[in-house]
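With mmCIF, C-alpha atoms inside, this is protein.cif:
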```cif
data_structure
loop_
_atom_site.group_PDB
_atom_site.id
_atom_site.type_symbol
_atom_site.label_atom_id
_atom_site.label_comp_id
_atom_site.auth_asym_id
_atom_site.auth_seq_id
_atom_site.Cartn_x
_atom_site.Cartn_y
_atom_site.Cartn_z
ATOM 1 C CA MET A 21 0.000 0.000 0.000
ATOM 2 C CA THR A 22 1.227 3.509 -0.804
ATOM 3 C CA GLU A 23 2.262 5.436 2.307
ATOM 4 C CA ILE A 24 -0.523 7.804 3.369
ATOM 5 C CA ARG A 25 0.181 10.671 5.760
ATOM 6 C CA PHE A 26 -2.768 11.452 8.011
ATOM 7 C CA GLY A 27 -0.978 13.213 10.863
ATOM 8 C CA ALA A 28 2.055 15.235 11.888
ATOM 9 C CA HIS A 29 4.683 12.624 11.060
ATOM 10 C CA ALA A 30 5.958 11.549 7.679
ATOM 11 C CA PRO A 31 6.736 7.838 7.171
ATOM 12 C CA ALA A 32 9.690 6.473 9.133
ATOM 13 C CA LEU A 33 13.115 6.949 7.598
ATOM 14 C CA ARG A 34 14.280 3.414 8.415
ATOM 15 C CA THR A 35 12.621 0.224 9.626
ATOM 16 C CA LEU A 36 14.387 -2.549 11.527
ATOM 17 C CA LEU A 37 13.054 -6.022 12.270
ATOM 18 C CA HIS A 38 14.299 -7.152 15.693
ATOM 19 C CA LEU A 39 14.254 -10.875 16.518
ATOM 20 C CA SER A 40 15.944 -12.640 19.399
ATOM 21 C CA ASP A 41 16.735 -15.923 21.121
ATOM 22 C CA THR A 42 16.056 -18.504 18.435
ATOM 23 C CA HIS A 43 17.981 -21.225 20.400
ATOM 24 C CA LEU A 44 18.181 -23.670 17.497
ATOM 25 C CA LEU A 45 19.454 -27.211 18.090
ATOM 26 C CA ASP A 46 20.670 -29.880 15.699
ATOM 27 C CA GLY A 47 17.479 -31.866 15.254
ATOM 28 C CA ALA A 48 16.355 -31.908 18.875
ATOM 29 C CA ALA A 49 13.592 -30.218 20.831
ATOM 30 C CA LEU A 50 14.852 -27.685 23.358
ATOM 31 C CA GLY A 51 14.347 -29.122 26.837
ATOM 32 C CA ASP A 52 12.416 -31.959 25.176
ATOM 33 C CA ARG A 53 9.447 -29.609 24.776
ATOM 34 C CA TYR A 54 10.152 -26.597 22.520
ATOM 35 C CA ASP A 55 10.234 -26.979 18.736
ATOM 36 C CA THR A 56 12.604 -24.087 18.170
ATOM 37 C CA VAL A 57 12.861 -24.620 14.410
ATOM 38 C CA GLY A 58 9.094 -24.834 14.019
ATOM 39 C CA ASN A 59 8.592 -21.749 16.188
ATOM 40 C CA LEU A 60 11.125 -19.809 14.129
ATOM 41 C CA GLU A 61 9.479 -20.910 10.888
ATOM 42 C CA ARG A 62 6.102 -19.730 12.196
ATOM 43 C CA THR A 63 7.706 -16.391 13.056
ATOM 44 C CA VAL A 64 9.076 -16.070 9.536
ATOM 45 C CA GLU A 65 5.666 -16.972 8.070
ATOM 46 C CA ARG A 66 4.129 -14.168 10.140
ATOM 47 C CA ILE A 67 6.747 -11.711 8.877
ATOM 48 C CA ARG A 68 6.129 -12.739 5.283
ATOM 49 C CA ALA A 69 2.379 -12.276 5.773
ATOM 50 C CA MET A 70 3.044 -8.695 6.909
ATOM 51 C CA ARG A 71 4.833 -7.987 3.634
ATOM 52 C CA SER A 72 7.264 -5.972 5.720
ATOM 53 C CA ARG A 73 10.216 -4.406 3.924
ATOM 54 C CA PRO A 74 12.689 -3.631 6.712
ATOM 55 C CA ASP A 75 16.076 -2.119 6.007
ATOM 56 C CA ALA A 76 17.699 -4.688 8.300
ATOM 57 C CA ILE A 77 16.901 -7.848 10.227
ATOM 58 C CA ILE A 78 18.706 -7.872 13.570
ATOM 59 C CA VAL A 79 18.866 -11.072 15.628
ATOM 60 C CA THR A 80 20.160 -10.301 19.117
ATOM 61 C CA GLY A 81 21.805 -13.514 20.193
ATOM 62 C CA ASP A 82 21.296 -17.016 21.521
ATOM 63 C CA LEU A 83 21.032 -17.963 17.887
ATOM 64 C CA THR A 84 21.689 -21.580 18.819
ATOM 65 C CA ASP A 85 21.368 -23.332 22.155
ATOM 66 C CA LEU A 86 24.646 -25.281 22.138
ATOM 67 C CA GLY A 87 26.674 -23.626 19.390
ATOM 68 C CA GLU A 88 26.331 -26.630 17.091
ATOM 69 C CA PRO A 89 27.554 -26.101 13.499
ATOM 70 C CA ALA A 90 24.442 -27.757 12.048
ATOM 71 C CA ALA A 91 22.198 -25.467 14.097
ATOM 72 C CA TYR A 92 23.901 -22.377 12.647
ATOM 73 C CA ARG A 93 23.481 -23.787 9.149
ATOM 74 C CA ALA A 94 19.793 -24.470 9.832
ATOM 75 C CA LEU A 95 19.359 -20.896 11.077
ATOM 76 C CA ARG A 96 20.887 -19.546 7.873
ATOM 77 C CA GLY A 97 18.507 -21.694 5.886
ATOM 78 C CA VAL A 98 15.513 -20.011 7.521
ATOM 79 C CA ILE A 99 16.621 -16.380 7.929
ATOM 80 C CA GLU A 100 18.848 -15.727 4.918
ATOM 81 C CA PRO A 101 16.088 -16.387 2.332
ATOM 82 C CA LEU A 102 13.802 -14.010 4.254
ATOM 83 C CA ALA A 103 16.429 -11.255 4.245
ATOM 84 C CA ALA A 104 17.064 -11.761 0.529
ATOM 85 C CA GLU A 105 13.332 -11.735 -0.219
ATOM 86 C CA VAL A 106 12.719 -8.407 1.515
ATOM 87 C CA GLY A 107 16.074 -6.870 0.534
ATOM 88 C CA ALA A 108 17.238 -6.387 4.133
ATOM 89 C CA ALA A 109 20.711 -6.350 5.608
ATOM 90 C CA LEU A 110 21.207 -9.231 8.043
ATOM 91 C CA ILE A 111 22.849 -8.438 11.376
ATOM 92 C CA TRP A 112 23.791 -11.308 13.677
ATOM 93 C CA VAL A 113 24.608 -10.759 17.361
ATOM 94 C CA ALA A 114 26.273 -13.360 19.593
ATOM 95 C CA GLY A 115 24.509 -14.549 22.751
ATOM 96 C CA ASN A 116 25.662 -16.494 25.789
ATOM 97 C CA HIS A 117 24.424 -19.797 24.315
ATOM 98 C CA ASP A 118 26.450 -19.218 21.149
ATOM 99 C CA GLU A 119 30.029 -20.328 20.569
ATOM 100 C CA ARG A 120 32.210 -17.762 18.818
ATOM 101 C CA PRO A 121 34.333 -20.151 16.683
ATOM 102 C CA ALA A 122 31.342 -22.095 15.335
ATOM 103 C CA MET A 123 29.307 -18.931 14.816
ATOM 104 C CA ARG A 124 32.141 -17.388 12.807
ATOM 105 C CA GLU A 125 32.692 -20.482 10.679
ATOM 106 C CA HIS A 126 29.141 -21.634 10.014
ATOM 107 C CA LEU A 127 27.142 -18.400 10.115
ATOM 108 C CA LEU A 128 29.553 -15.645 9.087
ATOM 109 C CA ASP A 129 31.874 -17.634 6.766
ATOM 110 C CA GLU A 130 34.917 -16.440 8.708
ATOM 111 C CA PRO A 131 37.816 -18.331 10.298
ATOM 112 C CA GLY A 132 36.887 -19.581 13.740
ATOM 113 C CA SER A 133 38.288 -17.693 16.712
ATOM 114 C CA GLN A 134 37.401 -16.594 20.231
ATOM 115 C CA ALA A 135 37.656 -12.894 19.328
ATOM 116 C CA PRO A 136 34.514 -10.862 20.054
ATOM 117 C CA ILE A 137 32.059 -10.814 17.152
ATOM 118 C CA THR A 138 31.478 -7.138 16.430
ATOM 119 C CA ALA A 139 30.433 -5.264 13.299
ATOM 120 C CA VAL A 140 29.410 -1.846 12.024
ATOM 121 C CA HIS A 141 26.590 -1.579 9.469
ATOM 122 C CA ASP A 142 25.635 1.568 7.565
ATOM 123 C CA LEU A 143 21.944 1.585 6.632
ATOM 124 C CA ASP A 144 22.118 4.598 4.365
ATOM 125 C CA GLY A 145 22.995 6.959 7.201
ATOM 126 C CA LEU A 146 21.690 4.969 10.167
ATOM 127 C CA ARG A 147 24.589 3.191 11.873
ATOM 128 C CA VAL A 148 23.984 -0.151 13.590
ATOM 129 C CA ILE A 149 26.785 -1.482 15.767
ATOM 130 C CA ALA A 150 26.725 -5.142 16.816
ATOM 131 C CA LEU A 151 28.494 -5.714 20.132
ATOM 132 C CA ASP A 152 29.513 -9.011 21.711
ATOM 133 C CA SER A 153 28.550 -9.193 25.380
ATOM 134 C CA THR A 154 29.334 -12.913 25.656
ATOM 135 C CA VAL A 155 31.994 -14.359 27.966
ATOM 136 C CA PRO A 156 33.413 -17.656 26.632
ATOM 137 C CA GLY A 157 32.576 -20.462 29.038
ATOM 138 C CA TRP A 158 30.033 -18.408 31.004
ATOM 139 C CA HIS A 159 26.424 -17.210 30.666
ATOM 140 C CA HIS A 160 26.710 -13.744 32.223
ATOM 141 C CA GLY A 161 27.561 -10.726 30.056
ATOM 142 C CA GLU A 162 30.500 -8.355 29.835
ATOM 143 C CA LEU A 163 32.046 -5.832 27.447
ATOM 144 C CA ASP A 164 35.794 -5.926 28.008
ATOM 145 C CA ALA A 165 38.113 -2.913 27.912
ATOM 146 C CA GLY A 166 39.231 -3.623 24.359
ATOM 147 C CA GLN A 167 35.700 -3.741 23.000
ATOM 148 C CA LEU A 168 34.721 -0.566 24.855
ATOM 149 C CA ARG A 169 37.815 1.197 23.500
ATOM 150 C CA TRP A 170 36.862 0.094 19.968
ATOM 151 C CA LEU A 171 33.291 1.289 20.551
ATOM 152 C CA ARG A 172 34.454 4.734 21.659
ATOM 153 C CA GLU A 173 36.619 5.012 18.535
ATOM 154 C CA VAL A 174 33.675 4.153 16.258
ATOM 155 C CA LEU A 175 31.332 6.544 18.058
ATOM 156 C CA ALA A 176 33.828 9.397 17.870
ATOM 157 C CA THR A 177 32.420 10.161 14.403
ATOM 158 C CA PRO A 178 28.611 10.703 14.459
ATOM 159 C CA ALA A 179 26.399 9.075 11.830
ATOM 160 C CA PRO A 180 23.902 11.154 9.817
ATOM 161 C CA LEU A 181 20.866 9.432 11.378
ATOM 162 C CA GLY A 182 22.571 8.416 14.607
ATOM 163 C CA THR A 183 23.509 5.006 15.966
ATOM 164 C CA VAL A 184 21.625 1.953 17.183
ATOM 165 C CA LEU A 185 23.508 -0.573 19.328
ATOM 166 C CA ALA A 186 22.641 -4.278 19.326
ATOM 167 C CA LEU A 187 23.893 -6.703 21.970
ATOM 168 C CA HIS A 188 22.547 -9.748 23.779
ATOM 169 C CA HIS A 189 22.638 -8.875 27.488
ATOM 170 C CA PRO A 190 20.468 -5.802 28.172
ATOM 171 C CA PRO A 191 21.886 -3.133 30.500
ATOM 172 C CA LEU A 192 18.694 -3.230 32.562
ATOM 173 C CA PRO A 193 17.593 -4.680 35.886
ATOM 174 C CA SER A 194 15.150 -7.566 35.713
ATOM 175 C CA PRO A 195 12.033 -8.112 37.842
ATOM 176 C CA ILE A 196 13.037 -11.805 37.830
ATOM 177 C CA PRO A 197 15.908 -12.141 40.339
ATOM 178 C CA PHE A 198 17.683 -15.091 38.727
ATOM 179 C CA PHE A 199 18.294 -13.105 35.542
ATOM 180 C CA ASP A 200 20.430 -10.668 37.518
ATOM 181 C CA ILE A 201 22.958 -13.478 38.112
ATOM 182 C CA LEU A 202 23.462 -13.450 34.332
ATOM 183 C CA GLU A 203 23.348 -9.679 33.909
ATOM 184 C CA LEU A 204 25.670 -7.458 31.894
ATOM 185 C CA ARG A 205 28.506 -6.676 34.291
ATOM 186 C CA ASP A 206 30.402 -3.406 34.793
ATOM 187 C CA GLN A 207 27.618 -1.296 33.345
ATOM 188 C CA PRO A 208 29.224 1.994 34.533
ATOM 189 C CA ALA A 209 32.117 1.420 32.101
ATOM 190 C CA PHE A 210 29.610 0.851 29.295
ATOM 191 C CA ALA A 211 27.744 4.041 30.210
ATOM 192 C CA GLU A 212 31.017 5.976 30.177
ATOM 193 C CA ALA A 213 31.775 4.727 26.655
ATOM 194 C CA LEU A 214 28.381 6.001 25.470
ATOM 195 C CA ALA A 215 28.574 9.432 27.097
ATOM 196 C CA GLY A 216 28.168 12.255 24.586
ATOM 197 C CA SER A 217 27.684 9.860 21.652
ATOM 198 C CA ASP A 218 24.981 9.729 18.983
ATOM 199 C CA VAL A 219 23.544 6.415 20.250
ATOM 200 C CA ARG A 220 19.753 6.685 20.037
ATOM 201 C CA ALA A 221 18.643 3.172 20.994
ATOM 202 C CA ILE A 222 19.951 -0.107 22.377
ATOM 203 C CA LEU A 223 18.462 -3.416 21.187
ATOM 204 C CA ALA A 224 18.913 -6.582 23.230
ATOM 205 C CA GLY A 225 17.536 -10.039 24.000
ATOM 206 C CA HIS A 226 18.376 -12.609 26.713
ATOM 207 C CA LEU A 227 15.284 -12.107 28.910
ATOM 208 C CA HIS A 228 12.753 -14.057 26.775
ATOM 209 C CA SER A 229 10.212 -11.304 27.332
ATOM 210 C CA SER A 230 9.516 -7.923 25.746
ATOM 211 C CA THR A 231 10.991 -5.341 28.089
ATOM 212 C CA SER A 232 11.931 -1.662 27.831
ATOM 213 C CA GLY A 233 13.804 0.863 29.936
ATOM 214 C CA THR A 234 16.630 3.381 29.745
ATOM 215 C CA PHE A 235 20.371 3.127 30.234
ATOM 216 C CA ALA A 236 22.590 6.186 30.515
ATOM 217 C CA GLY A 237 19.620 8.173 29.200
ATOM 218 C CA ILE A 238 19.280 5.940 26.121
ATOM 219 C CA PRO A 239 16.123 3.880 25.429
ATOM 220 C CA VAL A 240 16.658 0.116 25.691
ATOM 221 C CA SER A 241 14.311 -2.327 23.960
ATOM 222 C CA VAL A 242 14.450 -6.069 24.628
ATOM 223 C CA ALA A 243 12.745 -8.329 22.096
ATOM 224 C CA SER A 244 11.066 -11.472 23.312
ATOM 225 C CA ALA A 245 12.230 -14.884 22.120
ATOM 226 C CA THR A 246 11.041 -16.884 19.136
ATOM 227 C CA CYS A 247 11.763 -20.213 20.908
ATOM 228 C CA TYR A 248 9.839 -19.816 24.183
ATOM 229 C CA THR A 249 8.941 -16.980 26.531
ATOM 230 C CA MET A 250 8.991 -16.494 30.302
ATOM 231 C CA ASP A 251 5.625 -16.686 32.065
ATOM 232 C CA LEU A 252 5.895 -13.483 34.086
ATOM 233 C CA ALA A 253 2.401 -13.888 35.548
ATOM 234 C CA LEU A 254 3.777 -16.500 37.952
ATOM 235 C CA PRO A 255 5.327 -15.651 41.327
ATOM 236 C CA VAL A 256 8.987 -14.746 40.768
ATOM 237 C CA GLU A 257 10.286 -17.935 42.383
ATOM 238 C CA ARG A 258 8.174 -20.013 39.974
ATOM 239 C CA VAL A 259 8.786 -18.141 36.698
ATOM 240 C CA ASN A 260 9.632 -20.584 33.916
ATOM 241 C CA GLY A 261 9.414 -20.841 30.168
ATOM 242 C CA MET A 262 6.208 -21.473 28.226
ATOM 243 C CA ASP A 263 5.549 -22.310 24.593
ATOM 244 C CA ALA A 264 3.357 -19.234 24.047
ATOM 245 C CA GLY A 265 3.572 -15.485 23.651
ATOM 246 C CA GLN A 266 6.380 -15.443 21.076
ATOM 247 C CA SER A 267 6.860 -12.093 19.371
ATOM 248 C CA PHE A 268 9.284 -9.822 17.558
ATOM 249 C CA HIS A 269 9.733 -6.075 17.297
ATOM 250 C CA LEU A 270 9.398 -3.564 14.491
ATOM 251 C CA VAL A 271 11.724 -0.613 15.080
ATOM 252 C CA HIS A 272 10.827 2.572 13.217
ATOM 253 C CA VAL A 273 13.374 5.373 13.008
ATOM 254 C CA TRP A 274 12.428 9.009 12.531
ATOM 255 C CA GLU A 275 14.682 12.049 12.765
ATOM 256 C CA ASP A 276 13.429 12.924 16.240
ATOM 257 C CA THR A 277 12.310 9.587 17.716
ATOM 258 C CA ILE A 278 12.520 5.803 17.482
ATOM 259 C CA THR A 279 9.598 3.499 18.268
ATOM 260 C CA HIS A 280 9.650 -0.205 19.163
ATOM 261 C CA THR A 281 6.460 -2.119 18.392
ATOM 262 C CA VAL A 282 5.756 -5.639 19.648
ATOM 263 C CA VAL A 283 4.263 -7.937 16.994
ATOM 264 C CA PRO A 284 2.847 -11.264 18.263
ATOM 265 C CA VAL A 285 3.578 -14.373 16.243
ATOM 266 C CA ALA A 286 0.166 -15.850 17.069
ATOM 267 C CA SER A 287 -2.688 -14.298 15.116
ATOM 268 C CA ALA A 288 -6.438 -14.576 14.695
ATOM 269 C CA GLU A 289 -8.942 -13.682 12.004
ATOM 270 C CA PRO A 290 -9.011 -9.865 11.890
ATOM 271 C CA ALA A 291 -12.092 -7.685 11.860
ATOM 272 C CA GLU A 292 -13.057 -5.765 8.725
ATOM 273 C CA ALA A 293 -13.363 -2.284 10.218
ATOM 274 C CA PHE A 294 -10.374 -0.920 8.303
ATOM 275 C CA THR A 295 -9.828 -1.976 4.705
ATOM 276 C CA PRO A 296 -7.861 -0.738 1.686
ATOM 277 C CA GLN A 297 -11.085 0.865 0.493
ATOM 278 C CA TRP A 298 -11.472 2.688 3.830
ATOM 279 C CA TYR A 299 -7.919 4.013 3.547
ATOM 280 C CA ALA A 300 -8.481 5.121 -0.026
ATOM 281 C CA GLU A 301 -11.638 6.965 0.974
ATOM 282 C CA MET A 302 -9.897 8.704 3.888
ATOM 283 C CA ALA A 303 -6.990 9.673 1.635
ATOM 284 C CA ARG A 304 -9.403 11.550 -0.661
ATOM 285 C CA LEU A 305 -10.710 13.678 2.208
ATOM 286 C CA SER A 306 -9.197 16.909 3.476
ATOM 287 C CA PRO A 307 -7.649 16.905 6.984
ATOM 288 C CA GLU A 308 -10.727 18.679 8.319
ATOM 289 C CA GLU A 309 -13.076 16.171 6.685
ATOM 290 C CA ARG A 310 -11.050 13.280 8.140
ATOM 291 C CA LEU A 311 -11.363 14.718 11.627
ATOM 292 C CA GLU A 312 -15.115 15.147 11.164
ATOM 293 C CA ARG A 313 -15.498 11.593 9.818
ATOM 294 C CA PHE A 314 -13.202 9.713 12.200
ATOM 295 C CA SER A 315 -12.511 11.824 15.269
ATOM 296 C CA ARG A 316 -15.861 13.396 16.176
ATOM 297 C CA LYS A 317 -17.881 11.368 18.677
ATOM 298 C CA ARG A 318 -21.359 10.510 17.475
#
```
Kindly return the structure encoded in the file as structure tokens.
Amino acid sequence: MTEIRFGAHAPALRTLLHLSDTHLLDGAALGDRYDTVGNLERTVERIRAMRSRPDAIIVTGDLTDLGEPAAYRALRGVIEPLAAEVGAALIWVAGNHDERPAMREHLLDEPGSQAPITAVHDLDGLRVIALDSTVPGWHHGELDAGQLRWLREVLATPAPLGTVLALHHPPLPSPIPFFDILELRDQPAFAEALAGSDVRAILAGHLHSSTSGTFAGIPVSVASATCYTMDLALPVERVNGMDAGQSFHLVHVWEDTITHTVVPVASAEPAEAFTPQWYAEMARLSPEERLERFSRKR
């Protein structure tokens, strides 16, 4: 559908599709109960049904559950065709369940090594920086001095539309106490690296629930998982995963703001209140006529 402007804002300048925590395994169900491949495929079907045309697809870590080479190859087989179909850049972020050597070899076509997996992507003026908050052999997060030094050097030159950071461990507290054991450590050093920069948003995963907050004055948006989500309606000491509530985020970038919209994977038959014909009719009206037709209470 042609973009129609009904209000104060023009269409977004850039659109990002934010997925997280796919946790693929080589032919096995996660925890003997979660079909992570099937859940990811259903997510991709939902995205295709939207006919979304994002500028980038960003997957913020825990791409596999055990770092198996075959799981990375399976992930490529699902996500790469989607990115090619919609013409989007594909940005992979390492998570604590990933293994750097296998991720480099089987997902990025690079020689395997334990070096942090970082990257800088230019989306026609919007800069996206992928950070690696993983600690080999551990599940908590950390950005070491070398990575923070590199980040400061990149951020020393502003981007025309600003910068979005993507990492796995969110720099946020969690209402679920056990997640704080696996938090991003030494957050003050991270905040110092971001001071005075053009960073406009931080995208993360790890929590298996859609969460938002701020860090060092910067909005943080955590996408839920495609594999399973945490049932936060339970008492904190009983919170566990459930095979329901999977979602992803659409991130829309304007000059003066960025929005993060949760899109559920599950869907139902929609109502027919708003149709292409309705939009076409509204587009023919003047702004005053639209207000009279749609805003005035009857």
Report as an mmCIF file with C-alpha atoms, keeping the file's coordinate frame all protein, DNA and RNA residues lying within 9 Å of stretch 226-237 of chain A, evaluated on all atoms listed in the file, omitting residues in the same chain fewer than 6 positions from it.
```cif
data_model
loop_
_atom_site.group_PDB
_atom_site.id
_atom_site.type_symbol
_atom_site.label_atom_id
_atom_site.label_comp_id
_atom_site.auth_asym_id
_atom_site.auth_seq_id
_atom_site.Cartn_x
_atom_site.Cartn_y
_atom_site.Cartn_z
ATOM 1 C CA SER A 40 15.944 -12.640 19.399
ATOM 2 C CA ASP A 41 16.735 -15.923 21.121
ATOM 3 C CA THR A 80 20.160 -10.301 19.117
ATOM 4 C CA GLY A 81 21.805 -13.514 20.193
ATOM 5 C CA ASP A 82 21.296 -17.016 21.521
ATOM 6 C CA GLY A 115 24.509 -14.549 22.751
ATOM 7 C CA ASN A 116 25.662 -16.494 25.789
ATOM 8 C CA HIS A 188 22.547 -9.748 23.779
ATOM 9 C CA HIS A 189 22.638 -8.875 27.488
ATOM 10 C CA PRO A 190 20.468 -5.802 28.172
ATOM 11 C CA PRO A 191 21.886 -3.133 30.500
ATOM 12 C CA LEU A 192 18.694 -3.230 32.562
ATOM 13 C CA PRO A 193 17.593 -4.680 35.886
ATOM 14 C CA SER A 194 15.150 -7.566 35.713
ATOM 15 C CA PHE A 199 18.294 -13.105 35.542
ATOM 16 C CA PRO A 208 29.224 1.994 34.533
ATOM 17 C CA PHE A 210 29.610 0.851 29.295
ATOM 18 C CA ALA A 211 27.744 4.041 30.210
ATOM 19 C CA GLU A 212 31.017 5.976 30.177
ATOM 20 C CA LEU A 214 28.381 6.001 25.470
ATOM 21 C CA ALA A 215 28.574 9.432 27.097
ATOM 22 C CA ALA A 243 12.745 -8.329 22.096
ATOM 23 C CA SER A 244 11.066 -11.472 23.312
ATOM 24 C CA ALA A 245 12.230 -14.884 22.120
ATOM 25 C CA THR A 246 11.041 -16.884 19.136
ATOM 26 C CA CYS A 247 11.763 -20.213 20.908
ATOM 27 C CA TYR A 248 9.839 -19.816 24.183
ATOM 28 C CA THR A 249 8.941 -16.980 26.531
ATOM 29 C CA MET A 250 8.991 -16.494 30.302
ATOM 30 C CA ASP A 251 5.625 -16.686 32.065
ATOM 31 C CA LEU A 252 5.895 -13.483 34.086
ATOM 32 C CA GLY A 261 9.414 -20.841 30.168
ATOM 33 C CA GLY A 265 3.572 -15.485 23.651
ATOM 34 C CA GLN A 266 6.380 -15.443 21.076
ATOM 35 C CA SER A 267 6.860 -12.093 19.371
ATOM 36 C CA PHE A 268 9.284 -9.822 17.558
ATOM 37 C CA HIS A 269 9.733 -6.075 17.297
ATOM 38 C CA VAL A 282 5.756 -5.639 19.648
#
```
Check your understanding: Could you write out as a ChimeraX atom specification the residues that the PyMOL selection byres ((chain A and resi 47) around 9) matches in the shown file?
Key -> /A:44-46,48-49,57,90-91
Review point. A:Ala114: which residues within 12 Å, counting all atoms listed in the file, same-chain residues fewer than 5 positions away excluded, as an NGL selection string?
Key: :A and (40-43 or 78-85 or 87 or 92 or 119-124 or 127-128 or 134-139 or 150-156 or 159 or 161 or 186-189 or 224-226)
Practice item. Find the residue from A:Arg318, A:His141, A:Glu275, A:Glu301 that sits nearest to A:His29; use all atoms listed in the file when measuring. Key: A:Glu275
Practice item. Kindly extract all protein, DNA and RNA residues lying within 9 Å of the coordinates (17.1, 2.8, 21.0) given in the file, considering all atoms listed in the file, and supply them as a list in words. Key: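 Using all atoms listed in the file, the matching residues come out as Thr183, Val184, Leu185, Val219, Arg220, Ala221, Ile222, Leu223, Thr234, Ile238, Pro239, Val240, Ser241, Val271, Thr277, Ile278, Thr279 and His280 of chain A.
Going from atom CA of A:Arg68 to atom CA of A:Glu292 covers 20.7 Å.
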How would stretch 216-228 of chain A of the given structure read as a file with N, CA, C and O atoms, as a PDB file, in the first residue's frame?
```pdb
ATOM      1  N   GLY A 216      27.952  11.260  25.631  1.00  0.00           N
ATOM      2  CA  GLY A 216      28.168  12.255  24.586  1.00  0.00           C
ATOM      3  C   GLY A 216      28.106  11.718  23.172  1.00  0.00           C
ATOM      4  O   GLY A 216      28.398  12.455  22.219  1.00  0.00           O
ATOM      5  N   SER A 217      27.714  10.461  22.996  1.00  0.00           N
ATOM      6  CA  SER A 217      27.684   9.860  21.652  1.00  0.00           C
ATOM      7  C   SER A 217      26.335  10.087  20.977  1.00  0.00           C
ATOM      8  O   SER A 217      25.413  10.659  21.562  1.00  0.00           O
ATOM      9  N   ASP A 218      26.227   9.592  19.740  1.00  0.00           N
ATOM     10  CA  ASP A 218      24.981   9.729  18.983  1.00  0.00           C
ATOM     11  C   ASP A 218      24.109   8.483  19.088  1.00  0.00           C
ATOM     12  O   ASP A 218      23.201   8.289  18.277  1.00  0.00           O
ATOM     13  N   VAL A 219      24.340   7.631  20.094  1.00  0.00           N
ATOM     14  CA  VAL A 219      23.544   6.415  20.250  1.00  0.00           C
ATOM     15  C   VAL A 219      22.112   6.788  20.639  1.00  0.00           C
ATOM     16  O   VAL A 219      21.881   7.471  21.638  1.00  0.00           O
ATOM     17  N   ARG A 220      21.154   6.332  19.847  1.00  0.00           N
ATOM     18  CA  ARG A 220      19.753   6.685  20.037  1.00  0.00           C
ATOM     19  C   ARG A 220      18.918   5.553  20.610  1.00  0.00           C
ATOM     20  O   ARG A 220      17.825   5.794  21.128  1.00  0.00           O
ATOM     21  N   ALA A 221      19.413   4.322  20.503  1.00  0.00           N
ATOM     22  CA  ALA A 221      18.643   3.172  20.994  1.00  0.00           C
ATOM     23  C   ALA A 221      19.590   2.000  21.187  1.00  0.00           C
ATOM     24  O   ALA A 221      20.611   1.877  20.499  1.00  0.00           O
ATOM     25  N   ILE A 222      19.223   1.135  22.123  1.00  0.00           N
ATOM     26  CA  ILE A 222      19.951  -0.107  22.377  1.00  0.00           C
ATOM     27  C   ILE A 222      18.959  -1.251  22.244  1.00  0.00           C
ATOM     28  O   ILE A 222      17.904  -1.258  22.888  1.00  0.00           O
ATOM     29  N   LEU A 223      19.289  -2.233  21.388  1.00  0.00           N
ATOM     30  CA  LEU A 223      18.462  -3.416  21.187  1.00  0.00           C
ATOM     31  C   LEU A 223      19.140  -4.609  21.854  1.00  0.00           C
ATOM     32  O   LEU A 223      20.352  -4.763  21.755  1.00  0.00           O
ATOM     33  N   ALA A 224      18.351  -5.447  22.521  1.00  0.00           N
ATOM     34  CA  ALA A 224      18.913  -6.582  23.230  1.00  0.00           C
ATOM     35  C   ALA A 224      17.931  -7.743  23.243  1.00  0.00           C
ATOM     36  O   ALA A 224      16.817  -7.648  22.733  1.00  0.00           O
ATOM     37  N   GLY A 225      18.367  -8.854  23.856  1.00  0.00           N
ATOM     38  CA  GLY A 225      17.536 -10.039  24.000  1.00  0.00           C
ATOM     39  C   GLY A 225      17.700 -10.609  25.391  1.00  0.00           C
ATOM     40  O   GLY A 225      17.600  -9.912  26.381  1.00  0.00           O
ATOM     41  N   HIS A 226      17.947 -11.941  25.482  1.00  0.00           N
ATOM     42  CA  HIS A 226      18.376 -12.609  26.713  1.00  0.00           C
ATOM     43  C   HIS A 226      17.249 -12.880  27.707  1.00  0.00           C
ATOM     44  O   HIS A 226      17.266 -13.918  28.365  1.00  0.00           O
ATOM     45  N   LEU A 227      16.279 -11.987  27.847  1.00  0.00           N
ATOM     46  CA  LEU A 227      15.284 -12.107  28.910  1.00  0.00           C
ATOM     47  C   LEU A 227      14.074 -12.966  28.528  1.00  0.00           C
ATOM     48  O   LEU A 227      13.277 -13.307  29.392  1.00  0.00           O
ATOM     49  N   HIS A 228      13.901 -13.270  27.254  1.00  0.00           N
ATOM     50  CA  HIS A 228      12.753 -14.057  26.775  1.00  0.00           C
ATOM     51  C   HIS A 228      11.422 -13.391  27.123  1.00  0.00           C
ATOM     52  O   HIS A 228      10.406 -14.055  27.341  1.00  0.00           O
TER      53      HIS A 228
END
```
